[in-house]
$ cat structure_18.cif   # mmCIF, C-alpha atoms
data_final
#
loop_
_atom_site.label_atom_id
_atom_site.label_comp_id
_atom_site.auth_asym_id
_atom_site.auth_seq_id
_atom_site.Cartn_x
_atom_site.Cartn_y
_atom_site.Cartn_z
CA MET A 263 -15.53 43.62 3.23
CA SER A 264 -16.78 42.56 -0.21
CA ALA A 265 -19.11 39.60 -0.64
CA THR A 266 -16.40 37.45 -2.22
CA SER A 267 -13.86 38.14 0.55
CA LEU A 268 -16.54 37.17 3.04
CA GLY A 269 -17.03 33.93 1.06
CA VAL A 270 -13.28 33.27 1.16
CA LEU A 271 -13.30 33.96 4.92
CA TYR A 272 -16.08 31.33 5.36
CA VAL A 273 -13.91 28.80 3.49
CA VAL A 274 -10.96 29.61 5.78
CA ILE A 275 -13.17 29.10 8.87
CA CYS A 276 -14.35 25.77 7.35
CA ALA A 277 -10.73 24.75 6.86
CA PHE A 278 -10.00 25.56 10.51
CA ILE A 279 -12.98 23.46 11.64
CA GLU A 280 -11.80 20.70 9.28
CA ALA A 281 -8.38 20.83 10.95
CA LEU A 282 -10.02 20.49 14.38
CA ALA A 283 -11.94 17.47 13.04
CA GLN A 284 -8.69 15.91 11.76
CA ILE A 285 -7.07 16.43 15.19
CA ALA A 286 -10.09 14.76 16.78
CA TRP A 287 -9.86 11.76 14.37
CA LYS A 288 -6.16 11.44 15.14
CA ARG A 289 -6.88 11.66 18.88
CA SER A 290 -9.47 8.92 18.51
CA ALA A 291 -6.85 6.78 16.73
CA ASN A 292 -4.18 7.46 19.40
CA ASN A 293 -6.48 7.20 22.37
CA LEU A 294 -7.64 3.79 23.48
CA THR A 295 -9.98 4.86 26.24
CA ARG A 296 -11.91 7.89 24.99
CA LYS A 297 -12.25 6.96 21.30
CA LYS A 298 -15.98 7.64 21.10
CA ARG A 299 -15.68 11.11 22.56
CA TRP A 300 -13.16 12.17 19.91
CA ILE A 301 -15.14 10.59 17.08
CA PHE A 302 -18.15 12.59 18.30
CA VAL A 303 -16.08 15.81 18.31
CA GLY A 304 -14.98 15.07 14.71
CA ALA A 305 -18.55 14.43 13.60
CA LEU A 306 -19.78 17.61 15.33
CA ALA A 307 -17.13 19.61 13.48
CA TYR A 308 -18.43 18.22 10.17
CA ALA A 309 -22.00 19.14 11.12
CA ILE A 310 -20.91 22.78 11.43
CA GLU A 311 -18.63 22.71 8.42
CA VAL A 312 -21.11 21.35 5.86
CA PRO A 313 -23.68 24.21 6.02
CA LEU A 314 -20.90 26.82 6.28
CA TYR A 315 -19.14 25.49 3.17
CA THR A 316 -22.50 25.42 1.39
CA LEU A 317 -22.97 29.09 2.31
CA ALA A 318 -19.46 29.84 1.04
CA LEU A 319 -20.22 28.09 -2.27
CA THR A 320 -23.25 30.31 -2.81
CA ILE A 321 -20.75 33.21 -2.92
CA VAL A 322 -17.44 32.02 -4.42
CA ASP A 323 -16.43 29.79 -7.35
CA VAL A 324 -15.68 26.20 -6.36
CA THR A 325 -12.33 26.49 -8.18
CA VAL A 326 -11.31 29.10 -5.59
CA ALA A 327 -13.11 27.56 -2.60
CA PHE A 328 -11.44 24.16 -3.11
CA ALA A 329 -7.99 25.73 -3.53
CA VAL A 330 -8.41 28.00 -0.48
CA SER A 331 -9.62 25.05 1.63
CA SER A 332 -6.10 23.59 1.34
CA ILE A 333 -5.16 26.08 4.08
CA SER A 334 -6.43 23.26 6.31
CA PHE A 335 -2.98 21.65 5.77
CA VAL A 336 -1.44 24.69 7.48
CA PHE A 337 -3.94 24.62 10.35
CA VAL A 338 -3.46 20.85 10.78
CA ALA A 339 0.32 21.26 10.97
CA LEU A 340 0.12 24.07 13.53
CA LEU A 341 -2.55 22.38 15.66
CA SER A 342 -0.72 19.01 15.52
CA ARG A 343 2.38 20.75 16.78
CA VAL A 344 0.56 22.37 19.67
CA LEU A 345 -1.96 19.66 20.56
CA LEU A 346 -0.31 16.41 19.44
CA ASN A 347 3.39 17.31 19.87
CA GLU A 348 4.15 16.45 16.24
CA THR A 349 7.26 18.10 14.84
CA LEU A 350 7.43 20.73 12.12
CA ASN A 351 10.70 20.38 10.22
CA PHE A 352 12.17 22.81 7.70
CA VAL A 353 10.95 21.14 4.47
CA ARG A 354 7.46 20.68 5.88
CA ALA A 355 7.37 24.33 7.00
CA LEU A 356 8.55 25.37 3.51
CA GLY A 357 5.77 23.28 1.93
CA LEU A 358 3.24 25.00 4.20
CA ILE A 359 4.56 28.43 3.19
CA PHE A 360 4.06 27.52 -0.49
CA ILE A 361 0.52 26.30 0.25
CA LEU A 362 -0.22 29.51 2.17
CA GLY A 363 1.12 31.56 -0.75
CA GLY A 364 -1.08 29.61 -3.16
CA VAL A 365 -4.11 30.07 -0.92
CA ILE A 366 -3.57 33.83 -0.68
CA LEU A 367 -3.09 34.09 -4.45
CA SER A 368 -6.23 31.99 -5.15
CA GLY A 369 -8.27 33.90 -2.56
CA ASP A 370 -7.13 37.16 -4.08
CA HIS A 371 -8.51 36.00 -7.44
CA ALA A 372 -11.92 34.96 -6.05
CA MET B 193 1.10 -3.34 11.25
CA THR B 194 2.77 -4.93 8.21
CA GLU B 195 6.53 -5.12 7.97
CA ARG B 196 7.99 -3.13 5.09
CA ILE B 197 10.66 -4.93 3.08
CA PRO B 198 13.40 -2.56 1.92
CA LEU B 199 13.81 -2.56 -1.85
CA ALA B 200 17.08 -2.68 -3.74
CA ALA B 201 18.25 0.80 -4.73
CA GLY B 202 16.93 1.98 -8.07
CA ARG B 203 14.15 -0.59 -8.20
CA ARG B 204 10.59 0.54 -7.84
CA GLN B 205 7.76 -1.49 -6.52
CA PRO B 206 5.12 -2.00 -9.23
CA LEU B 207 1.89 -0.17 -8.41
CA PRO B 208 -0.88 -2.64 -7.61
CA LEU B 209 -3.87 -2.17 -9.91
CA ARG B 210 -6.12 -1.84 -6.84
CA LEU B 211 -4.11 1.16 -5.67
CA VAL B 212 -4.19 2.83 -9.11
CA VAL B 213 -7.97 2.36 -9.25
CA GLY B 214 -8.29 3.72 -5.70
CA LEU B 215 -6.23 6.84 -6.48
CA VAL B 216 -8.14 7.54 -9.71
CA ALA B 217 -11.41 7.01 -7.83
CA ALA B 218 -10.22 9.42 -5.11
CA ILE B 219 -9.61 12.16 -7.67
CA ILE B 220 -12.93 11.51 -9.44
CA LEU B 221 -14.87 11.47 -6.14
CA ASP B 222 -13.15 14.65 -4.91
CA THR B 223 -14.05 16.40 -8.14
CA ALA B 224 -17.60 15.06 -8.23
CA THR B 225 -18.20 16.09 -4.60
CA GLN B 226 -16.98 19.64 -5.13
CA VAL B 227 -18.77 20.24 -8.42
CA THR B 228 -22.04 18.68 -7.21
CA TRP B 229 -21.81 20.68 -3.98
CA LYS B 230 -21.35 23.89 -5.97
CA SER B 231 -24.32 23.01 -8.21
CA ALA B 232 -26.35 22.31 -5.08
CA ALA B 233 -25.38 25.68 -3.59
CA LEU B 234 -26.36 27.40 -6.84
CA SER B 235 -29.78 25.74 -6.72
CA LEU B 236 -30.62 27.33 -3.33
CA PRO B 237 -33.03 30.28 -3.27
CA GLU B 238 -31.35 33.65 -2.80
CA ASN B 239 -30.82 34.94 0.78
CA ILE B 240 -31.87 31.60 2.26
CA PHE B 241 -29.05 31.88 4.81
CA ASN B 242 -30.68 34.97 6.35
CA ASN B 243 -32.64 32.45 8.39
CA PRO B 244 -30.10 29.74 9.29
CA PRO B 245 -32.50 27.17 10.85
CA ALA B 246 -34.85 27.42 7.87
CA ALA B 247 -31.85 27.17 5.54
CA LEU B 248 -30.69 23.96 7.24
CA HIS B 249 -34.18 22.52 7.08
CA PHE B 250 -34.43 23.38 3.39
CA ILE B 251 -30.95 22.05 2.53
CA PHE B 252 -31.51 18.64 4.08
CA GLN B 253 -34.70 18.22 2.05
CA GLN B 254 -32.93 18.75 -1.28
CA PRO B 255 -32.12 15.49 -3.11
CA ILE B 256 -28.95 17.00 -4.59
CA PHE B 257 -27.54 17.47 -1.07
CA LEU B 258 -28.21 13.78 -0.47
CA VAL B 259 -26.02 13.10 -3.53
CA VAL B 260 -23.31 15.30 -1.96
CA VAL B 261 -23.51 13.34 1.30
CA VAL B 262 -23.32 9.99 -0.55
CA LEU B 263 -20.32 11.18 -2.60
CA PHE B 264 -18.68 12.46 0.60
CA ALA B 265 -19.17 9.09 2.31
CA ALA B 266 -17.90 7.18 -0.75
CA GLN B 267 -14.86 9.45 -0.80
CA LEU B 268 -14.10 8.69 2.86
CA VAL B 269 -14.47 4.91 2.43
CA ASN B 270 -12.32 4.91 -0.71
CA TRP B 271 -9.68 7.12 0.94
CA LEU B 272 -9.36 4.77 3.92
CA LYS B 273 -8.90 1.87 1.46
CA VAL B 274 -6.20 3.79 -0.44
CA LEU B 275 -4.40 4.55 2.83
CA SER B 276 -4.40 0.85 3.72
CA ASP B 277 -2.49 0.20 0.45
CA ALA B 278 -0.20 3.24 0.41
CA ASP B 279 1.59 5.78 2.58
CA LEU B 280 -0.23 9.06 3.15
CA SER B 281 2.86 10.86 1.82
CA PHE B 282 2.51 8.94 -1.46
CA ALA B 283 -1.27 9.22 -1.80
CA LEU B 284 -1.75 12.86 -0.74
CA PRO B 285 0.29 14.61 -3.48
CA ILE B 286 -1.34 12.42 -6.16
CA THR B 287 -4.84 13.33 -5.01
CA ALA B 288 -3.76 16.99 -4.91
CA LEU B 289 -4.24 16.70 -8.69
CA SER B 290 -7.92 17.13 -7.91
CA TYR B 291 -7.25 20.88 -7.61
CA LEU B 292 -6.69 20.76 -11.37
CA THR B 293 -9.64 18.48 -12.16
CA VAL B 294 -12.02 20.57 -10.02
CA ALA B 295 -10.89 23.69 -11.89
CA ALA B 296 -11.19 21.96 -15.30
CA VAL B 297 -14.62 20.41 -14.65
CA SER B 298 -16.05 23.61 -13.15
CA ALA B 299 -14.70 25.59 -16.09
CA PHE B 300 -16.35 23.17 -18.50
CA TRP B 301 -19.58 22.55 -16.61
CA LEU B 302 -20.21 25.67 -14.51
CA GLY B 303 -18.43 28.21 -16.70
CA GLU B 304 -15.94 29.19 -14.01
CA GLN B 305 -12.82 31.06 -15.12
CA ILE B 306 -9.29 29.66 -14.75
CA THR B 307 -7.37 32.94 -14.57
CA TRP B 308 -3.56 33.15 -14.42
CA GLY B 309 -3.79 34.15 -10.74
CA ARG B 310 -5.88 31.10 -9.90
CA ALA B 311 -3.63 28.79 -11.93
CA ALA B 312 -0.53 30.20 -10.19
CA GLY B 313 -2.21 29.80 -6.79
CA MET B 314 -2.98 26.13 -7.53
CA ALA B 315 0.58 25.55 -8.78
CA LEU B 316 1.99 26.92 -5.49
CA ILE B 317 -0.37 24.70 -3.48
CA LEU B 318 0.60 21.60 -5.54
CA PHE B 319 4.28 22.35 -5.00
CA GLY B 320 3.71 22.84 -1.26
CA VAL B 321 1.86 19.51 -1.00
CA PHE B 322 4.71 17.87 -2.94
CA LEU B 323 7.30 19.30 -0.49
CA ILE B 324 5.34 18.08 2.52
CA SER B 325 5.11 14.61 0.95
CA ARG B 326 8.94 14.45 0.84
CA THR B 327 9.17 14.56 4.65
CA ASP B 328 9.07 11.60 7.03
CA HIS B 329 5.62 10.22 7.62
CA ASN B 330 5.93 9.57 11.34
CA THR B 331 8.07 11.95 13.35
CA LEU B 332 6.43 11.15 16.66
CA THR B 333 7.55 8.06 18.53
CA PRO B 334 4.47 6.79 20.33
CA PRO B 335 4.95 6.67 24.10
CA GLY B 336 3.71 3.08 24.15
CA PRO B 337 0.30 1.69 24.99
CA LEU B 338 -1.62 4.09 27.20
#

$ encode --input "structure_18.cif" --output "structure tokens"
Amino acid sequence: MSATSLGVLYVVICAFIEALAQIAWKRSANNLTRKKRWIFVGALAYAIEVPLYTLALTIVDVTVAFAVSSISFVFVALLSRVLLNETLNFVRALGLIFILGGVILSGDHA
Amino acid sequence: MTERIPLAAGRRQPLPLRLVVGLVAAIILDTATQVTWKSAALSLPENIFNNPPAALHFIFQQPIFLVVVVLFAAQLVNWLKVLSDADLSFALPITALSYLTVAAVSAFWLGEQITWGRAAGMALILFGVFLISRTDHNTLTPPGPL
């Protein structure tokens, strides 16, 4: 694996952690009793994400890193479906496919 | 929760100035965060991540990373204000324009290349975000107070 593909992989992992953080924020908003626990989970995710994204930026252009990080939309949609029972309709799924295509194209031009 | 008043067909609500300022600020802060973060990453000594604890220690002592954190916090506060004035499905595709501003500013400032492949990738992402914004904003009926 080349250095730049490793950098892109780090950004994808960051985006996955970001999606977990978003789920945690949403849980904290939905949940009246264990708000603090979910806010802590969200903050912990950020604490891991920040150094990892910094590492990624030492390797890849920010133009590419920022574009690739939009794969978090895809992770958020999938995780919300599984963990929050949100629905994934056709247009939304189509939008996610376009985003995924754009991410792959951007990552390929890292 | 505020009650939404349905508008007559064909009439558009005028955008409040506060919302316009918030959206422009969101794009500027997004761009500033990313470009500053990249500059900060470039300022790190080579191979610093071979020793992760030392790298963390070093990073949190760099003033430029403090700027990143401040920008990040400002972005979050501003974003929550925007969302109190507008639907997420309205605000999100507009701030997706920051893919373009990040590319433009990093090309100008950091000498990054905007190749056709990258431009096409960003165009696909923008279109995908636009499609998602066309869907209903709340498909889940809450089960009531827990």

$ residues_near_point --input "structure_18.cif" --point "(8.8, 22.1, 6.4)" --cutoff "10 Å" --atoms "all atoms listed in the file" --output "MDAnalysis selection string"
(chainID A and resid 339 349:360) or (chainID B and resid 320 323:327)

$ write_last_selection --input "structure_18.cif" --atoms "C-alpha atoms" --output "tab-separated table (two decimals), in the coordinates of the input"
chain	number	residue	atom	x	y	z
A	339	ALA	CA	0.32	21.26	10.97
A	349	THR	CA	7.26	18.10	14.84
A	350	LEU	CA	7.43	20.73	12.12
A	351	ASN	CA	10.70	20.38	10.22
A	352	PHE	CA	12.17	22.81	7.70
A	353	VAL	CA	10.95	21.14	4.47
A	354	ARG	CA	7.46	20.68	5.88
A	355	ALA	CA	7.37	24.33	7.00
A	356	LEU	CA	8.55	25.37	3.51
A	357	GLY	CA	5.77	23.28	1.93
A	358	LEU	CA	3.24	25.00	4.20
A	359	ILE	CA	4.56	28.43	3.19
A	360	PHE	CA	4.06	27.52	-0.49
B	320	GLY	CA	3.71	22.84	-1.26
B	323	LEU	CA	7.30	19.30	-0.49
B	324	ILE	CA	5.34	18.08	2.52
B	325	SER	CA	5.11	14.61	0.95
B	326	ARG	CA	8.94	14.45	0.84
B	327	THR	CA	9.17	14.56	4.65

$ residues_around --input "structure_18.cif" --residues "Pro255 in chain B" --least-positions-apart "5" --cutoff "12 Å" --atoms "only C-alpha atoms" --output "CSV table (one decimal) with C-alpha atoms, in the coordinates of the input"
chain,number,residue,atom,x,y,z
B,228,THR,CA,-22.0,18.7,-7.2
B,229,TRP,CA,-21.8,20.7,-4.0
B,231,SER,CA,-24.3,23.0,-8.2
B,232,ALA,CA,-26.4,22.3,-5.1
B,235,SER,CA,-29.8,25.7,-6.7
B,236,LEU,CA,-30.6,27.3,-3.3
B,250,PHE,CA,-34.4,23.4,3.4
B,260,VAL,CA,-23.3,15.3,-2.0
B,261,VAL,CA,-23.5,13.3,1.3
B,262,VAL,CA,-23.3,10.0,-0.6

$ resolve_selection --input "structure_18.cif" --expression "the PyMOL selection byres ((chain B) within 7 of (chain A))" --output "compact mmCIF listing (two decimals) with C-alpha atoms, in the frame of the given file"
# COMPACT_ATOMS: atom_id res chain seq x y z
CA GLN B 226 -16.98 19.64 -5.13
CA LYS B 230 -21.35 23.89 -5.97
CA ALA B 233 -25.38 25.68 -3.59
CA LEU B 234 -26.36 27.40 -6.84
CA TYR B 291 -7.25 20.88 -7.61
CA VAL B 294 -12.02 20.57 -10.02
CA ALA B 295 -10.89 23.69 -11.89
CA SER B 298 -16.05 23.61 -13.15
CA GLU B 304 -15.94 29.19 -14.01
CA GLY B 309 -3.79 34.15 -10.74
CA ARG B 310 -5.88 31.10 -9.90
CA GLY B 313 -2.21 29.80 -6.79
CA MET B 314 -2.98 26.13 -7.53
CA LEU B 316 1.99 26.92 -5.49
CA ILE B 317 -0.37 24.70 -3.48
CA PHE B 319 4.28 22.35 -5.00
CA GLY B 320 3.71 22.84 -1.26
CA VAL B 321 1.86 19.51 -1.00
CA LEU B 323 7.30 19.30 -0.49
CA ILE B 324 5.34 18.08 2.52
CA THR B 327 9.17 14.56 4.65
CA THR B 331 8.07 11.95 13.35
CA LEU B 332 6.43 11.15 16.66

$ atom_distance --input "structure_18.cif" --atom1 "CA of Ser334 in chain A" --atom2 "CA of Phe300 in chain B"
26.7 Å

$ resolve_selection --input "structure_18.cif" --expression "the PyMOL selection byres ((chain A and resi 279) around 12)" --output "PyMOL selection string"
chain A and resi 272-278+280-286+303-312+314-315+331+333-335+337-338+341

$ closest_residue --input "structure_18.cif" --among "B:Leu215, B:Ala312, B:Leu268, B:Leu258" --to "Pro285 in chain B" --atoms "all atoms listed in the file"
B:Leu215

$ residues_around --input "structure_18.cif" --residues "Asn270 in chain B" --least-positions-apart "5" --cutoff "9 Å" --atoms "all atoms listed in the file" --output "MDAnalysis selection string"
chainID B and resid 214:215 217:218 221 265 275

$ atom_distance --input "structure_18.cif" --atom1 "CA of Val297 in chain B" --atom2 "CA of Leu284 in chain B"
20.4 Å

$ atom_distance --input "structure_18.cif" --atom1 "CA of Leu302 in chain B" --atom2 "CA of Val274 in chain B"
29.5 Å

$ closest_residue --input "structure_18.cif" --among "A:Phe302, A:Arg296, A:Trp287, A:Gly269" --to "Ser342 in chain A" --atoms "only C-alpha atoms"
A:Trp287

$ residues_around --input "structure_18.cif" --residues "Ile286 in chain B" --least-positions-apart "3" --cutoff "10 Å" --atoms "only C-alpha atoms" --output "VMD selection string"
chain B and resid 215 to 216 218 to 219 280 to 283 289 to 290 318 321 to 322 325

$ write_last_selection --input "structure_18.cif" --atoms "C-alpha atoms" --output "PDB file, in the frame of the given file"
ATOM      1  CA  LEU B 215      -6.230   6.840  -6.480  1.00  0.00           C
ATOM      2  CA  VAL B 216      -8.140   7.540  -9.710  1.00  0.00           C
ATOM      3  CA  ALA B 218     -10.220   9.420  -5.110  1.00  0.00           C
ATOM      4  CA  ILE B 219      -9.610  12.160  -7.670  1.00  0.00           C
ATOM      5  CA  LEU B 280      -0.230   9.060   3.150  1.00  0.00           C
ATOM      6  CA  SER B 281       2.860  10.860   1.820  1.00  0.00           C
ATOM      7  CA  PHE B 282       2.510   8.940  -1.460  1.00  0.00           C
ATOM      8  CA  ALA B 283      -1.270   9.220  -1.800  1.00  0.00           C
ATOM      9  CA  LEU B 289      -4.240  16.700  -8.690  1.00  0.00           C
ATOM     10  CA  SER B 290      -7.920  17.130  -7.910  1.00  0.00           C
ATOM     11  CA  LEU B 318       0.600  21.600  -5.540  1.00  0.00           C
ATOM     12  CA  VAL B 321       1.860  19.510  -1.000  1.00  0.00           C
ATOM     13  CA  PHE B 322       4.710  17.870  -2.940  1.00  0.00           C
ATOM     14  CA  SER B 325       5.110  14.610   0.950  1.00  0.00           C
TER      15      SER B 325
END

$ axis_aligned_box --input "structure_18.cif" --around "range 313-322 of chain B" --padding-each-side "6 Å" --output "lines of an AutoDock Vina configuration file"
center_x = 0.9
center_y = 23.8
center_z = -4.9
size_x = 19.7
size_y = 23.9
size_z = 19.8

$ closest_residue --input "structure_18.cif" --among "A:Arg343, A:Ala265, A:Val336, A:Trp300" --to "Lys288 in chain A" --atoms "only C-alpha atoms"
A:Trp300
